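Enquirer: Enclosed is the structure file target-v3.tsv (TSV, N, CA and C atoms).
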chain	number	residue	atom	x	y	z
L	5	MET	N	47.08	112.21	82.69
L	5	MET	CA	48.03	112.82	81.78
L	5	MET	C	48.70	111.73	80.94
L	6	ARG	N	48.73	111.94	79.66
L	6	ARG	CA	49.37	110.98	78.76
L	6	ARG	C	50.84	111.28	78.60
L	7	LYS	N	51.58	110.23	78.50
L	7	LYS	CA	53.01	110.36	78.27
L	7	LYS	C	53.26	110.14	76.79
L	8	LYS	N	54.00	111.04	76.18
L	8	LYS	CA	54.34	110.88	74.77
L	8	LYS	C	55.47	109.86	74.65
L	9	VAL	N	55.31	108.99	73.71
L	9	VAL	CA	56.34	107.98	73.46
L	9	VAL	C	56.81	108.16	72.03
L	10	ASN	N	58.12	108.25	71.88
L	10	ASN	CA	58.70	108.38	70.55
L	10	ASN	C	58.87	106.99	69.95
L	11	ILE	N	58.09	106.67	68.93
L	11	ILE	CA	58.20	105.36	68.30
L	11	ILE	C	59.12	105.38	67.09
L	12	MET	N	59.62	106.55	66.77
L	12	MET	CA	60.57	106.65	65.66
L	12	MET	C	61.93	106.16	66.12
L	13	LYS	N	62.56	105.36	65.31
L	13	LYS	CA	63.92	104.91	65.61
L	13	LYS	C	64.89	106.03	65.26
L	14	SER	N	65.99	106.05	65.95
L	14	SER	CA	67.01	107.04	65.63
L	14	SER	C	68.19	106.38	64.89
L	15	TYR	N	67.86	105.36	64.10
L	15	TYR	CA	68.88	104.72	63.29
L	15	TYR	C	68.26	104.04	62.07
L	16	THR	N	69.09	103.82	61.07
L	16	THR	CA	68.71	103.02	59.91
L	16	THR	C	69.77	101.95	59.72
L	17	ILE	N	69.40	100.89	59.03
L	17	ILE	CA	70.35	99.82	58.71
L	17	ILE	C	70.29	99.59	57.21
L	18	GLU	N	71.45	99.67	56.57
L	18	GLU	CA	71.55	99.50	55.13
L	18	GLU	C	72.50	98.34	54.83
L	19	ILE	N	72.16	97.57	53.82
L	19	ILE	CA	73.01	96.45	53.40
L	19	ILE	C	73.70	96.84	52.10
L	20	HIS	N	75.01	96.79	52.09
L	20	HIS	CA	75.81	97.12	50.91
L	20	HIS	C	76.39	95.81	50.38
L	21	ARG	N	75.67	95.19	49.48
L	21	ARG	CA	76.05	93.85	49.00
L	21	ARG	C	77.33	93.85	48.17
L	22	ASN	N	77.54	94.86	47.35
L	22	ASN	CA	78.76	94.89	46.53
L	22	ASN	C	80.02	94.97	47.37
L	23	GLU	N	79.96	95.75	48.45
L	23	GLU	CA	81.13	95.91	49.31
L	23	GLU	C	81.14	94.95	50.49
L	24	LYS	N	80.06	94.20	50.66
L	24	LYS	CA	79.92	93.20	51.73
L	24	LYS	C	80.02	93.79	53.14
L	25	PHE	N	79.20	94.84	53.37
L	25	PHE	CA	79.11	95.37	54.73
L	25	PHE	C	77.69	95.86	55.01
L	26	VAL	N	77.40	95.95	56.29
L	26	VAL	CA	76.14	96.51	56.77
L	26	VAL	C	76.49	97.86	57.37
L	27	CYS	N	75.67	98.88	57.06
L	27	CYS	CA	75.90	100.21	57.60
L	27	CYS	C	74.74	100.59	58.51
L	28	ARG	N	75.08	100.93	59.73
L	28	ARG	CA	74.10	101.38	60.71
L	28	ARG	C	74.35	102.88	60.90
L	29	ARG	N	73.32	103.70	60.55
L	29	ARG	CA	73.44	105.16	60.66
L	29	ARG	C	72.54	105.66	61.78
L	30	PHE	N	73.13	106.38	62.71
L	30	PHE	CA	72.39	106.96	63.82
L	30	PHE	C	72.16	108.45	63.56
L	31	PHE	N	71.04	108.97	64.07
L	31	PHE	CA	70.75	110.40	63.94
L	31	PHE	C	69.91	110.85	65.13
L	32	GLY	N	69.94	112.15	65.41
L	32	GLY	CA	69.17	112.69	66.53
L	32	GLY	C	69.77	112.27	67.86
L	33	ASP	N	68.94	112.36	68.91
L	33	ASP	CA	69.38	111.95	70.25
L	33	ASP	C	69.42	110.44	70.34
L	34	LEU	N	70.56	109.92	70.68
L	34	LEU	CA	70.77	108.48	70.72
L	34	LEU	C	70.96	108.01	72.15
L	35	VAL	N	70.13	107.05	72.57
L	35	VAL	CA	70.22	106.51	73.93
L	35	VAL	C	70.69	105.05	73.87
L	36	PHE	N	71.12	104.58	75.02
L	36	PHE	CA	71.67	103.24	75.16
L	36	PHE	C	70.77	102.14	74.58
L	37	ASP	N	69.48	102.19	74.91
L	37	ASP	CA	68.56	101.14	74.45
L	37	ASP	C	68.53	101.02	72.94
L	38	GLU	N	68.65	102.15	72.25
L	38	GLU	CA	68.62	102.11	70.79
L	38	GLU	C	69.89	101.50	70.21
L	39	ILE	N	70.99	101.69	70.87
L	39	ILE	CA	72.23	101.05	70.41
L	39	ILE	C	72.08	99.53	70.49
L	40	LEU	N	71.59	99.04	71.63
L	40	LEU	CA	71.39	97.59	71.76
L	40	LEU	C	70.30	97.09	70.81
L	41	GLU	N	69.22	97.84	70.67
L	41	GLU	CA	68.15	97.44	69.75
L	41	GLU	C	68.69	97.31	68.32
L	42	SER	N	69.54	98.26	67.92
L	42	SER	CA	70.09	98.20	66.57
L	42	SER	C	71.01	96.99	66.41
L	43	TRP	N	71.74	96.63	67.47
L	43	TRP	CA	72.56	95.42	67.42
L	43	TRP	C	71.69	94.19	67.20
L	44	MET	N	70.57	94.12	67.90
L	44	MET	CA	69.68	92.96	67.74
L	44	MET	C	69.18	92.85	66.30
L	45	GLU	N	68.86	93.98	65.71
L	45	GLU	CA	68.43	93.96	64.30
L	45	GLU	C	69.56	93.50	63.39
L	46	ILE	N	70.76	94.01	63.63
L	46	ILE	CA	71.90	93.62	62.79
L	46	ILE	C	72.17	92.13	62.88
L	47	LEU	N	72.07	91.58	64.08
L	47	LEU	CA	72.33	90.15	64.25
L	47	LEU	C	71.30	89.29	63.53
L	48	ASN	N	70.18	89.88	63.13
L	48	ASN	CA	69.16	89.16	62.37
L	48	ASN	C	69.24	89.43	60.87
L	49	VAL	N	70.21	90.21	60.44
L	49	VAL	CA	70.42	90.45	59.01
L	49	VAL	C	71.19	89.25	58.47
L	50	PRO	N	70.59	88.48	57.55
L	50	PRO	CA	71.26	87.26	57.07
L	50	PRO	C	72.67	87.49	56.53
L	51	GLU	N	72.88	88.59	55.83
L	51	GLU	CA	74.20	88.85	55.27
L	51	GLU	C	75.24	89.05	56.38
L	52	PHE	N	74.86	89.70	57.45
L	52	PHE	CA	75.79	89.91	58.55
L	52	PHE	C	75.97	88.62	59.34
L	53	ASN	N	74.88	87.97	59.61
L	53	ASN	CA	74.91	86.78	60.46
L	53	ASN	C	75.54	85.58	59.77
L	54	ASN	N	75.28	85.40	58.48
L	54	ASN	CA	75.71	84.18	57.79
L	54	ASN	C	76.78	84.38	56.72
L	55	ASP	N	76.90	85.57	56.19
L	55	ASP	CA	77.77	85.79	55.03
L	55	ASP	C	79.03	86.59	55.33
L	56	ASN	N	79.37	86.72	56.61
L	56	ASN	CA	80.61	87.39	57.02
L	56	ASN	C	80.73	88.84	56.58
L	57	TYR	N	79.60	89.55	56.53
L	57	TYR	CA	79.66	90.98	56.23
L	57	TYR	C	80.26	91.71	57.44
L	58	ASP	N	80.95	92.81	57.15
L	58	ASP	CA	81.50	93.66	58.19
L	58	ASP	C	80.46	94.74	58.53
L	59	LEU	N	80.79	95.62	59.47
L	59	LEU	CA	79.84	96.62	59.95
L	59	LEU	C	80.47	98.00	60.00
L	60	ILE	N	79.71	99.00	59.54
L	60	ILE	CA	80.06	100.40	59.74
L	60	ILE	C	78.95	101.02	60.57
L	61	SER	N	79.33	101.69	61.66
L	61	SER	CA	78.39	102.43	62.49
L	61	SER	C	78.70	103.91	62.34
L	62	ASP	N	77.74	104.65	61.79
L	62	ASP	CA	77.92	106.08	61.51
L	62	ASP	C	77.18	106.90	62.56
L	63	TYR	N	77.93	107.58	63.42
L	63	TYR	CA	77.36	108.42	64.49
L	63	TYR	C	77.41	109.90	64.16
L	64	THR	N	77.78	110.27	62.94
L	64	THR	CA	78.04	111.68	62.63
L	64	THR	C	76.81	112.57	62.75
L	65	GLU	N	75.62	112.02	62.60
L	65	GLU	CA	74.39	112.82	62.69
L	65	GLU	C	73.67	112.61	64.03
L	66	ALA	N	74.33	111.99	64.99
L	66	ALA	CA	73.70	111.67	66.28
L	66	ALA	C	74.32	112.48	67.41
L	67	THR	N	73.51	112.67	68.43
L	67	THR	CA	73.98	113.23	69.69
L	67	THR	C	73.90	112.10	70.70
L	68	VAL	N	75.05	111.59	71.11
L	68	VAL	CA	75.10	110.43	71.98
L	68	VAL	C	74.71	110.83	73.40
L	69	GLN	N	73.69	110.15	73.94
L	69	GLN	CA	73.17	110.43	75.27
L	69	GLN	C	73.41	109.24	76.19
L	70	VAL	N	74.59	108.67	76.13
L	70	VAL	CA	74.89	107.50	76.96
L	70	VAL	C	75.97	107.86	77.98
L	71	SER	N	75.93	107.17	79.09
L	71	SER	CA	76.92	107.37	80.15
L	71	SER	C	78.04	106.36	80.00
L	72	VAL	N	79.07	106.53	80.79
L	72	VAL	CA	80.17	105.56	80.79
L	72	VAL	C	79.64	104.19	81.23
L	73	ASN	N	78.72	104.17	82.18
L	73	ASN	CA	78.11	102.91	82.63
L	73	ASN	C	77.37	102.22	81.48
L	74	SER	N	76.62	102.99	80.70
L	74	SER	CA	75.93	102.43	79.54
L	74	SER	C	76.92	101.91	78.51
L	75	LEU	N	78.01	102.64	78.34
L	75	LEU	CA	79.04	102.21	77.41
L	75	LEU	C	79.61	100.86	77.83
L	76	ASN	N	79.77	100.66	79.13
L	76	ASN	CA	80.25	99.37	79.63
L	76	ASN	C	79.25	98.26	79.32
L	77	LYS	N	77.96	98.55	79.39
L	77	LYS	CA	76.93	97.55	79.07
L	77	LYS	C	76.99	97.19	77.59
L	78	VAL	N	77.20	98.18	76.73
L	78	VAL	CA	77.36	97.90	75.30
L	78	VAL	C	78.61	97.04	75.11
L	79	GLY	N	79.67	97.36	75.84
L	79	GLY	CA	80.91	96.58	75.75
L	79	GLY	C	80.72	95.15	76.18
L	80	ASP	N	79.96	94.93	77.25
L	80	ASP	CA	79.67	93.57	77.70
L	80	ASP	C	78.95	92.79	76.61
L	81	PHE	N	78.00	93.44	75.96
L	81	PHE	CA	77.28	92.80	74.86
L	81	PHE	C	78.26	92.50	73.72
L	82	TYR	N	79.10	93.46	73.39
L	82	TYR	CA	80.09	93.32	72.32
L	82	TYR	C	80.97	92.09	72.57
L	83	GLU	N	81.44	91.95	73.81
L	83	GLU	CA	82.26	90.79	74.16
L	83	GLU	C	81.47	89.49	74.02
L	84	SER	N	80.18	89.52	74.35
L	84	SER	CA	79.37	88.30	74.30
L	84	SER	C	79.18	87.78	72.87
L	85	ILE	N	79.28	88.67	71.88
L	85	ILE	CA	79.13	88.21	70.49
L	85	ILE	C	80.49	88.05	69.80
L	86	GLY	N	81.55	88.42	70.49
L	86	GLY	CA	82.88	88.43	69.89
L	86	GLY	C	83.35	87.12	69.33
L	87	GLN	N	83.10	86.01	70.02
L	87	GLN	CA	83.56	84.71	69.53
L	87	GLN	C	82.93	84.36	68.19
L	88	LYS	N	81.63	84.59	68.08
L	88	LYS	CA	80.94	84.23	66.83
L	88	LYS	C	81.40	85.10	65.66
L	89	TYR	N	81.70	86.36	65.94
L	89	TYR	CA	82.03	87.31	64.87
L	89	TYR	C	83.52	87.67	64.88
L	90	ARG	N	84.33	86.83	65.48
L	90	ARG	CA	85.78	87.05	65.57
L	90	ARG	C	86.36	87.29	64.17
L	91	GLY	N	87.19	88.32	64.07
L	91	GLY	CA	87.85	88.65	62.81
L	91	GLY	C	87.06	89.57	61.91
L	92	ARG	N	85.81	89.84	62.24
L	92	ARG	CA	85.02	90.80	61.46
L	92	ARG	C	85.47	92.21	61.77
L	93	LYS	N	85.27	93.10	60.83
L	93	LYS	CA	85.63	94.50	61.03
L	93	LYS	C	84.40	95.32	61.43
L	94	HIS	N	84.62	96.24	62.37
L	94	HIS	CA	83.58	97.18	62.77
L	94	HIS	C	84.20	98.57	62.74
L	95	ALA	N	83.82	99.35	61.73
L	95	ALA	CA	84.31	100.73	61.60
L	95	ALA	C	83.29	101.67	62.22
L	96	VAL	N	83.76	102.60	63.01
L	96	VAL	CA	82.89	103.59	63.64
L	96	VAL	C	83.27	104.96	63.07
L	97	VAL	N	82.26	105.68	62.56
L	97	VAL	CA	82.48	107.00	61.99
L	97	VAL	C	81.90	108.03	62.95
L	98	VAL	N	82.75	108.96	63.39
L	98	VAL	CA	82.34	109.97	64.37
L	98	VAL	C	82.75	111.36	63.89
L	99	ALA	N	82.04	112.38	64.41
L	99	ALA	CA	82.34	113.74	64.01
L	99	ALA	C	82.45	114.71	65.18
L	100	LYS	N	81.95	114.30	66.34
L	100	LYS	CA	81.89	115.21	67.48
L	100	LYS	C	82.87	114.74	68.57
L	101	PRO	N	83.39	115.66	69.37
L	101	PRO	CA	84.37	115.28	70.40
L	101	PRO	C	83.85	114.22	71.36
L	102	ARG	N	82.60	114.31	71.80
L	102	ARG	CA	82.06	113.32	72.74
L	102	ARG	C	82.00	111.93	72.09
L	103	GLN	N	81.60	111.86	70.82
L	103	GLN	CA	81.57	110.58	70.09
L	103	GLN	C	82.97	110.00	70.00
L	104	THR	N	83.92	110.86	69.68
L	104	THR	CA	85.30	110.41	69.54
L	104	THR	C	85.83	109.88	70.87
L	105	ALA	N	85.56	110.61	71.95
L	105	ALA	CA	86.04	110.18	73.27
L	105	ALA	C	85.44	108.83	73.66
L	106	PHE	N	84.12	108.68	73.51
L	106	PHE	CA	83.48	107.41	73.86
L	106	PHE	C	84.01	106.28	72.99
L	107	SER	N	84.19	106.55	71.71
L	107	SER	CA	84.69	105.52	70.79
L	107	SER	C	86.11	105.09	71.15
L	108	LYS	N	86.95	106.04	71.53
L	108	LYS	CA	88.33	105.71	71.92
L	108	LYS	C	88.35	104.91	73.22
L	109	LEU	N	87.51	105.30	74.18
L	109	LEU	CA	87.41	104.52	75.42
L	109	LEU	C	86.96	103.09	75.12
L	110	PHE	N	85.97	102.97	74.26
L	110	PHE	CA	85.44	101.67	73.89
L	110	PHE	C	86.52	100.82	73.21
L	111	LYS	N	87.20	101.41	72.24
L	111	LYS	CA	88.26	100.69	71.52
L	111	LYS	C	89.36	100.23	72.48
L	112	GLN	N	89.77	101.12	73.36
L	112	GLN	CA	90.83	100.79	74.30
L	112	GLN	C	90.45	99.59	75.17
L	113	LYS	N	89.20	99.52	75.59
L	113	LYS	CA	88.79	98.47	76.50
L	113	LYS	C	88.39	97.17	75.80
L	114	TYR	N	87.70	97.27	74.65
L	114	TYR	CA	87.07	96.08	74.07
L	114	TYR	C	87.66	95.58	72.77
L	115	ASP	N	88.50	96.35	72.13
L	115	ASP	CA	89.01	95.95	70.82
L	115	ASP	C	89.71	94.61	70.86
L	116	SER	N	90.67	94.43	71.72
L	116	SER	CA	91.42	93.17	71.75
L	116	SER	C	90.65	92.05	72.44
L	117	GLU	N	89.78	92.39	73.38
L	117	GLU	CA	89.05	91.37	74.13
L	117	GLU	C	87.93	90.72	73.33
L	118	SER	N	87.31	91.46	72.44
L	118	SER	CA	86.13	90.93	71.76
L	118	SER	C	86.46	90.02	70.58
L	119	GLY	N	87.60	90.25	69.94
L	119	GLY	CA	87.92	89.48	68.74
L	119	GLY	C	87.41	90.13	67.47
L	120	ILE	N	86.58	91.16	67.63
L	120	ILE	CA	86.09	91.94	66.49
L	120	ILE	C	87.09	93.08	66.26
L	121	LEU	N	87.51	93.26	65.02
L	121	LEU	CA	88.46	94.32	64.68
L	121	LEU	C	87.73	95.65	64.64
L	122	PHE	N	88.13	96.58	65.45
L	122	PHE	CA	87.41	97.83	65.67
L	122	PHE	C	88.31	99.00	65.36
L	123	ASP	N	87.83	99.97	64.56
L	123	ASP	CA	88.61	101.17	64.31
L	123	ASP	C	87.68	102.37	64.18
L	124	ILE	N	88.25	103.55	64.37
L	124	ILE	CA	87.49	104.80	64.41
L	124	ILE	C	87.93	105.69	63.26
L	125	PHE	N	86.94	106.32	62.61
L	125	PHE	CA	87.20	107.18	61.46
L	125	PHE	C	86.39	108.47	61.56
L	126	GLU	N	86.88	109.50	60.89
L	126	GLU	CA	86.16	110.77	60.84
L	126	GLU	C	85.38	110.92	59.55
L	127	GLU	N	85.64	110.07	58.57
L	127	GLU	CA	84.96	110.16	57.27
L	127	GLU	C	84.49	108.78	56.83
L	128	MET	N	83.32	108.75	56.24
L	128	MET	CA	82.74	107.49	55.76
L	128	MET	C	83.64	106.83	54.71
L	129	GLU	N	84.20	107.63	53.83
L	129	GLU	CA	85.05	107.06	52.78
L	129	GLU	C	86.23	106.28	53.36
L	130	ALA	N	86.84	106.81	54.40
L	130	ALA	CA	87.97	106.12	55.04
L	130	ALA	C	87.51	104.82	55.68
L	131	ALA	N	86.32	104.83	56.29
L	131	ALA	CA	85.78	103.61	56.91
L	131	ALA	C	85.51	102.54	55.85
L	132	VAL	N	84.91	102.94	54.74
L	132	VAL	CA	84.61	101.99	53.66
L	132	VAL	C	85.91	101.42	53.10
L	133	ASN	N	86.92	102.27	52.92
L	133	ASN	CA	88.21	101.79	52.40
L	133	ASN	C	88.83	100.78	53.34
L	134	TRP	N	88.75	101.00	54.65
L	134	TRP	CA	89.28	100.06	55.63
L	134	TRP	C	88.52	98.74	55.57
L	135	ILE	N	87.20	98.82	55.47
L	135	ILE	CA	86.37	97.61	55.38
L	135	ILE	C	86.75	96.81	54.13
L	136	LYS	N	86.93	97.49	53.02
L	136	LYS	CA	87.21	96.82	51.75
L	136	LYS	C	88.63	96.25	51.69
L	137	ASN	N	89.54	96.78	52.50
L	137	ASN	CA	90.92	96.29	52.51
L	137	ASN	C	90.95	94.92	53.16
L	138	GLU	N	91.40	93.93	52.44
L	138	GLU	CA	91.35	92.54	52.91
L	138	GLU	C	92.48	92.14	53.84
L	139	SER	N	93.46	93.02	54.02
L	139	SER	CA	94.60	92.62	54.86
L	139	SER	C	94.33	92.83	56.32
I'd like the structure from this file rewritten - as structure tokens, please.
Expert:
Amino acid sequence: MRKKVNIMKSYTIEIHRNEKFVCRRFFGDLVFDEILESWMEILNVPEFNNDNYDLISDYTEATVQVSVNSLNKVGDFYESIGQKYRGRKHAVVVAKPRQTAFSKLFKQKYDSESGILFDIFEEMEAAVNWIKNES
């Protein structure tokens, strides 16, 4: 019996050069491995890695399939990159109650520890405005 493997990614990565941010958009069923995989791709984007671009993660079209334990693993990774990316902004755009709850738990635990400025938004426009605000 063959096992079907989904080789389609459930995210895209876009570079917004005028606004100096990278946007990661998730869609469909989202699992822990894909969150980490997307981070690895972002860390290889020259604009993010070398040019101090900020990050927007859009979860509005995704169904998050991660546990609290998986969230802690993402948080551990987040802390491990925090020193290098200290002071960068990471805006998270959410639309569903589960996304909001996980994002708030994440912010509460990792926002001050990582050194990365993290905030949660319900609309992309608000996230972009926060990213563009230099204060």
Enquirer: Compile the contact shell of Gln87 (chain L) as a PyMOL selection string: residues with an atom at most 8 Å away, counting all atoms listed in the file, same-chain residues fewer than 5 positions apart removed.
Expert: chain L and resi 82+117-120
Enquirer: Which of these, L:Phe31, L:Gln112, L:Asn53, L:Glu38, has the shortest distance to Val98 (chain L) once you count only C-alpha atoms?
Expert: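 When distances to Val98 (chain L) are compared using only C-alpha atoms, the smallest one comes from L:Phe31.
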Enquirer: Just give me the gap between atom C of Ile19 (chain L) and CA of Asp33 (chain L) in Å, one decimal is fine.
Expert: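 About the pair atom C of Ile19 (chain L) and CA of Asp33 (chain L): they are 24.0 Å apart.
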Enquirer: Between CA of Asn22 (chain L) and CA of Val97 (chain L), what distance in Å does the model show, to one decimal?
Expert: 20.0 Å
Enquirer: Which of these residues is nearest to Leu34 (chain L), using only N, CA and C atoms: L:Val96, L:Ile135, L:Met128, L:Ala66?
Expert: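 Comparing L:Val96, L:Ile135, L:Met128, L:Ala66 against Leu34 (chain L), the winner is L:Ala66.
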Enquirer: Between L:Lys13, L:Tyr63, L:Ala131, L:Lys108, which is the closest to His94 (chain L) once you count only N, CA and C atoms?
Expert: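 Closest residue, counting only N, CA and C atoms: L:Ala131.
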Enquirer: As a PyMOL selection string, which residues of region 9-124 of chain L does DSSP assign to alpha helix (DSSP H)?
Expert: chain L and resi 36-47+50-54+72-86+101-118
Enquirer: What separation in Å, quoted to one decimal, exists between CA of Asn48 (chain L) and atom C of Gly91 (chain L)?
Expert: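 Going from CA of Asn48 (chain L) over to atom C of Gly91 (chain L) covers 17.9 Å.
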Enquirer: Enclose the full set of atoms of region 49-60 of chain L listed in the file within a box whose edges lie along x, y and z, apply 6 Å of padding to each of the six sides, and report centre and edge lengths in Å to one decimal as lines of an AutoDock Vina configuration file.
Expert:
center_x = 75.9
center_y = 92.6
center_z = 57.8
size_x = 23.3
size_y = 28.8
size_z = 17.5
Enquirer: Apply DSSP to the backbone of this structure and, from chain L, keep only the residues in strand (DSSP E); write these as an MDAnalysis selection string.
Expert: chainID L and resid 15:20 25:34 58:68 93:97 121:125
Enquirer: What's the 8 Å shell around Phe52 (chain L), counting all atoms listed in the file, without same-chain residues fewer than 5 positions away, as a list in words?
Expert: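 Surrounding residues, per the criterion: Lys24, Phe25, Val26, Ile46, Leu47, Tyr57, Asp58 and Leu59 of chain L.
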Enquirer: Which one of L:Ser84, L:Arg102, L:Gly79, L:Asp62 sits closest to Phe125 (chain L) if you count only C-alpha atoms?
Expert: L:Asp62
Enquirer: Of the candidates L:Met12, L:Trp43, L:Ala95, L:Arg28, which one gets nearest to Ala130 (chain L) if we count all atoms listed in the file?
Expert: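 Once distances to Ala130 (chain L) are computed over all atoms listed in the file, the minimum belongs to L:Ala95.
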